[in-house]
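**Student:** Next comes protein-v9.cif, mmCIF, C-alpha atoms:
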```cif
data_start
#
loop_
_atom_site.group_PDB
_atom_site.id
_atom_site.type_symbol
_atom_site.label_atom_id
_atom_site.label_comp_id
_atom_site.auth_asym_id
_atom_site.auth_seq_id
_atom_site.Cartn_x
_atom_site.Cartn_y
_atom_site.Cartn_z
ATOM 1 C CA MET A 49 0.000 0.000 0.000
ATOM 2 C CA ASP A 50 1.392 3.354 -0.963
ATOM 3 C CA PHE A 51 1.543 6.375 1.309
ATOM 4 C CA LYS A 52 -1.445 8.209 -0.208
ATOM 5 C CA THR A 53 -3.687 5.146 0.107
ATOM 6 C CA ALA A 54 -2.635 4.625 3.715
ATOM 7 C CA THR A 55 -3.307 8.302 4.419
ATOM 8 C CA ALA A 56 -6.769 8.095 2.841
ATOM 9 C CA LEU A 57 -7.661 5.089 5.002
ATOM 10 C CA ARG A 58 -6.275 6.788 8.108
ATOM 11 C CA ARG A 59 -8.345 9.936 7.486
ATOM 12 C CA LEU A 60 -11.490 7.864 7.020
ATOM 13 C CA ARG A 61 -10.718 5.932 10.177
ATOM 14 C CA LEU A 62 -10.072 9.084 12.208
ATOM 15 C CA VAL A 63 -13.369 10.723 11.219
ATOM 16 C CA SER A 64 -15.552 7.608 11.575
ATOM 17 C CA ALA A 65 -15.697 7.493 15.396
ATOM 18 C CA PRO A 66 -16.404 11.239 15.880
ATOM 19 C CA GLU A 67 -19.099 11.001 13.208
ATOM 20 C CA ALA A 68 -20.719 8.127 15.106
ATOM 21 C CA VAL A 69 -20.531 10.046 18.388
ATOM 22 C CA SER A 70 -22.092 13.122 16.795
ATOM 23 C CA PHE A 71 -24.918 10.984 15.399
ATOM 24 C CA LEU A 72 -25.644 9.531 18.827
ATOM 25 C CA LEU A 73 -25.519 12.980 20.446
ATOM 26 C CA LEU A 74 -27.886 14.313 17.788
ATOM 27 C CA LEU A 75 -30.334 11.508 18.575
ATOM 28 C CA ILE A 76 -30.081 12.278 22.301
ATOM 29 C CA CYS A 77 -30.591 15.993 21.655
ATOM 30 C CA SER A 78 -33.661 15.181 19.546
ATOM 31 C CA VAL A 79 -35.198 13.219 22.401
ATOM 32 C CA LEU A 80 -34.331 15.952 24.914
ATOM 33 C CA LYS A 81 -35.863 18.597 22.660
ATOM 34 C CA ARG A 82 -39.180 16.777 22.708
ATOM 35 C CA THR A 83 -39.154 15.919 26.400
ATOM 36 C CA THR A 84 -37.551 19.010 27.981
ATOM 37 C CA ASP A 85 -36.802 22.641 27.196
ATOM 38 C CA PHE A 86 -33.247 21.746 26.149
ATOM 39 C CA ASP A 87 -32.739 22.390 22.424
ATOM 40 C CA ALA A 88 -29.255 21.665 21.117
ATOM 41 C CA VAL A 89 -30.492 20.098 17.883
ATOM 42 C CA PRO A 90 -29.482 23.040 15.654
ATOM 43 C CA VAL A 91 -25.911 22.996 16.943
ATOM 44 C CA MET A 92 -25.545 19.215 16.938
ATOM 45 C CA GLY A 93 -27.196 19.084 13.527
ATOM 46 C CA TRP A 94 -24.484 21.290 12.062
ATOM 47 C CA VAL A 95 -21.706 19.390 13.833
ATOM 48 C CA HIS A 96 -23.028 16.052 12.657
ATOM 49 C CA ALA A 97 -23.594 17.360 9.123
ATOM 50 C CA ALA A 98 -20.004 18.601 8.888
ATOM 51 C CA LEU A 99 -18.589 15.302 10.162
ATOM 52 C CA PHE A 100 -20.875 13.280 7.890
ATOM 53 C CA ILE A 101 -19.770 15.290 4.842
ATOM 54 C CA LEU A 102 -16.123 14.791 5.852
ATOM 55 C CA TYR A 103 -16.788 11.065 6.206
ATOM 56 C CA LEU A 104 -18.311 10.931 2.715
ATOM 57 C CA VAL A 105 -15.421 12.861 1.155
ATOM 58 C CA PHE A 106 -12.839 10.638 2.869
ATOM 59 C CA TRP A 107 -14.890 7.525 1.987
ATOM 60 C CA ALA A 108 -14.899 8.479 -1.700
ATOM 61 C CA ASP A 109 -11.149 9.170 -1.615
ATOM 62 C CA ALA A 110 -10.423 5.854 0.122
ATOM 63 C CA TRP A 111 -12.633 3.958 -2.333
ATOM 64 C CA ASN A 112 -10.860 5.600 -5.254
ATOM 65 C CA ARG A 113 -7.390 4.842 -3.909
ATOM 66 C CA THR A 114 -7.951 1.328 -2.537
ATOM 67 C CA ARG A 115 -10.098 0.094 -5.413
ATOM 68 C CA TRP A 116 -12.486 -1.627 -3.014
ATOM 69 C CA LYS A 117 -15.122 -3.903 -4.461
ATOM 70 C CA TRP A 118 -18.489 -2.173 -4.583
ATOM 71 C CA GLN A 119 -19.715 -4.393 -1.720
ATOM 72 C CA THR A 120 -16.933 -3.165 0.566
ATOM 73 C CA ALA A 121 -17.539 0.455 -0.398
ATOM 74 C CA ALA A 122 -21.289 0.004 0.165
ATOM 75 C CA LEU A 123 -20.621 -1.511 3.594
ATOM 76 C CA TYR A 124 -18.510 1.471 4.684
ATOM 77 C CA PHE A 125 -21.198 3.820 3.345
ATOM 78 C CA ALA A 126 -23.957 1.934 5.181
ATOM 79 C CA LEU A 127 -21.961 2.105 8.398
ATOM 80 C CA ALA A 128 -21.983 5.901 8.080
ATOM 81 C CA VAL A 129 -25.776 6.057 8.207
ATOM 82 C CA LEU A 130 -26.213 3.687 11.163
ATOM 83 C CA PRO A 131 -26.100 5.273 14.626
ATOM 84 C CA THR A 132 -23.143 3.187 15.863
ATOM 85 C CA GLY A 133 -21.791 2.170 12.480
ATOM 86 C CA GLY A 134 -18.830 4.535 12.643
ATOM 87 C CA PHE A 135 -17.384 2.572 15.549
ATOM 88 C CA PHE A 136 -17.515 -0.632 13.499
ATOM 89 C CA ALA A 137 -16.028 1.156 10.473
ATOM 90 C CA GLU A 138 -13.145 2.442 12.594
ATOM 91 C CA ARG A 139 -12.402 -1.055 13.877
ATOM 92 C CA MET A 140 -12.573 -2.594 10.393
ATOM 93 C CA LEU A 141 -10.339 0.111 8.902
ATOM 94 C CA LYS A 142 -7.809 -0.403 11.690
ATOM 95 C CA ARG A 143 -7.667 -4.139 10.925
ATOM 96 C CA GLU A 144 -7.313 -3.421 7.211
ATOM 97 C CA ALA A 145 -4.432 -1.029 7.842
ATOM 98 C CA GLU A 146 -2.673 -3.501 10.146
ATOM 99 C CA ALA A 147 -3.069 -6.294 7.590
ATOM 100 C CA SER A 148 -1.559 -4.144 4.851
ATOM 101 C CA VAL A 149 1.411 -3.247 7.063
ATOM 102 C CA ILE A 150 2.023 -6.925 7.797
ATOM 103 C CA ALA A 151 1.748 -7.787 4.097
ATOM 104 C CA ALA A 152 4.164 -4.994 3.154
ATOM 105 C CA ARG A 153 6.710 -6.191 5.719
ATOM 106 C CA ALA A 154 6.388 -9.753 4.479
ATOM 107 C CA ARG A 155 6.954 -8.633 0.874
ATOM 108 C CA ARG A 156 9.940 -6.527 1.915
ATOM 109 C CA GLU A 157 11.500 -9.406 3.824
ATOM 110 C CA GLY A 158 10.708 -11.933 1.108
ATOM 111 C CA VAL A 159 8.474 -14.072 3.311
ATOM 112 C CA VAL A 160 5.946 -16.155 1.414
ATOM 113 C CA ASN A 161 2.732 -17.349 3.017
ATOM 114 C CA VAL A 162 2.413 -21.113 2.939
#
```
How does this structure look as structure tokens?
**Tutor:**
Amino acid sequence: MDFKTATALRRLRLVSAPEAVSFLLLLICSVLKRTTDFDAVPVMGWVHAALFILYLVFWADAWNRTRWKWQTAALYFALAVLPTGGFFAERMLKREAEASVIAARARREGVVNV
């Protein structure tokens, strides 16, 4: 994996957890708005929207650079629209990055999987 691909995956990974947290906070603020006088929905709406747009931009960049199959790209997109999906996306992206580092080291050292 080249540097730009690794960077694209890292950016997507770094924004996925905050996006998931903002989604959950937006849901909580929506409930509080309807049950109390607390109304933070406009603020959390903007925060979540900004993080969601960042996620989509980084998702498109990662898909373009990694050449994921459409099923993999669709999975990462679907995880963005689920309330806790960003946490799962972050974990999956971390595993993918670790696997690519291990594969690159094995290629560099000339180790062949048997």
**Student:** Quick one: residues within 8 Å of A:Glu67, all atoms listed in the file, excluding same-chain residues fewer than 4 positions away - as a PyMOL selection string?
**Tutor:** chain A and resi 63+71+96+99-100+103+128+134
**Student:** Using the chain letters and numbering of this document, enumerate as an mmCIF file with C-alpha atoms, in the coordinates of the input the residues selected by the PyMOL selection byres ((chain A and resi 61) around 8).
**Tutor:**
```
data_model
loop_
_atom_site.group_PDB
_atom_site.id
_atom_site.type_symbol
_atom_site.label_atom_id
_atom_site.label_comp_id
_atom_site.auth_asym_id
_atom_site.auth_seq_id
_atom_site.Cartn_x
_atom_site.Cartn_y
_atom_site.Cartn_z
ATOM 1 C CA LEU A 57 -7.661 5.089 5.002
ATOM 2 C CA ARG A 58 -6.275 6.788 8.108
ATOM 3 C CA ARG A 59 -8.345 9.936 7.486
ATOM 4 C CA LEU A 60 -11.490 7.864 7.020
ATOM 5 C CA LEU A 62 -10.072 9.084 12.208
ATOM 6 C CA VAL A 63 -13.369 10.723 11.219
ATOM 7 C CA SER A 64 -15.552 7.608 11.575
ATOM 8 C CA ALA A 65 -15.697 7.493 15.396
ATOM 9 C CA ALA A 137 -16.028 1.156 10.473
ATOM 10 C CA GLU A 138 -13.145 2.442 12.594
ATOM 11 C CA LEU A 141 -10.339 0.111 8.902
ATOM 12 C CA LYS A 142 -7.809 -0.403 11.690
#
```
**Student:** For A:Phe51, which residue out of A:Gln119, A:Val149, A:Gly93, A:Thr132 is the nearest one, using all atoms listed in the file?
**Tutor:**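 Smallest separation from A:Phe51 among the options: A:Val149.
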**Student:** Taking all atoms listed in the file into account, which of A:Arg155, A:Arg143, A:Phe86, A:Leu130 comes nearest A:Val69?
**Tutor:** A:Leu130
**Student:** Selection in question (the file shown): the PyMOL selection byres ((chain A and resi 110) around 10). Which residues does it include, as an MDAnalysis selection string?
**Tutor:** chainID A and resid 52:60 104:109 111:116 121
**Student:** To one decimal place, how far is atom CA of A:Pro131 from atom CA of A:Ser70 in Å?
**Tutor:**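 According to the coordinates, atom CA of A:Pro131 and atom CA of A:Ser70 are separated by 9.1 Å.
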**Student:** If I take atom CA of A:Phe136 and atom CA of A:Lys81, how far is one from the other in Å, to one decimal?
**Tutor:** 28.1 Å
**Student:** Rank A:Arg153, A:Tyr124, A:Met140, A:Leu75 by their smallest atom-to-atom distance to A:Asp87, using all atoms listed in the file, and report the top residue only.
**Tutor:** A:Leu75
**Student:** Could you give me, as an mmCIF file with C-alpha atoms, in the coordinates of the input, the residues within 9 Å of A:Ala151, counting all atoms listed in the file and dropping anything in the same chain fewer than 5 positions from it?
**Tutor:**
```cif
data_model
loop_
_atom_site.group_PDB
_atom_site.id
_atom_site.type_symbol
_atom_site.label_atom_id
_atom_site.label_comp_id
_atom_site.auth_asym_id
_atom_site.auth_seq_id
_atom_site.Cartn_x
_atom_site.Cartn_y
_atom_site.Cartn_z
ATOM 1 C CA MET A 49 0.000 0.000 0.000
ATOM 2 C CA GLU A 146 -2.673 -3.501 10.146
ATOM 3 C CA ARG A 156 9.940 -6.527 1.915
#
```
**Student:** Could you check how far atom CA of A:Val91 sits from atom CA of A:Leu127, in Å to one decimal?
**Tutor:**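 So the answer is 22.9 Å.
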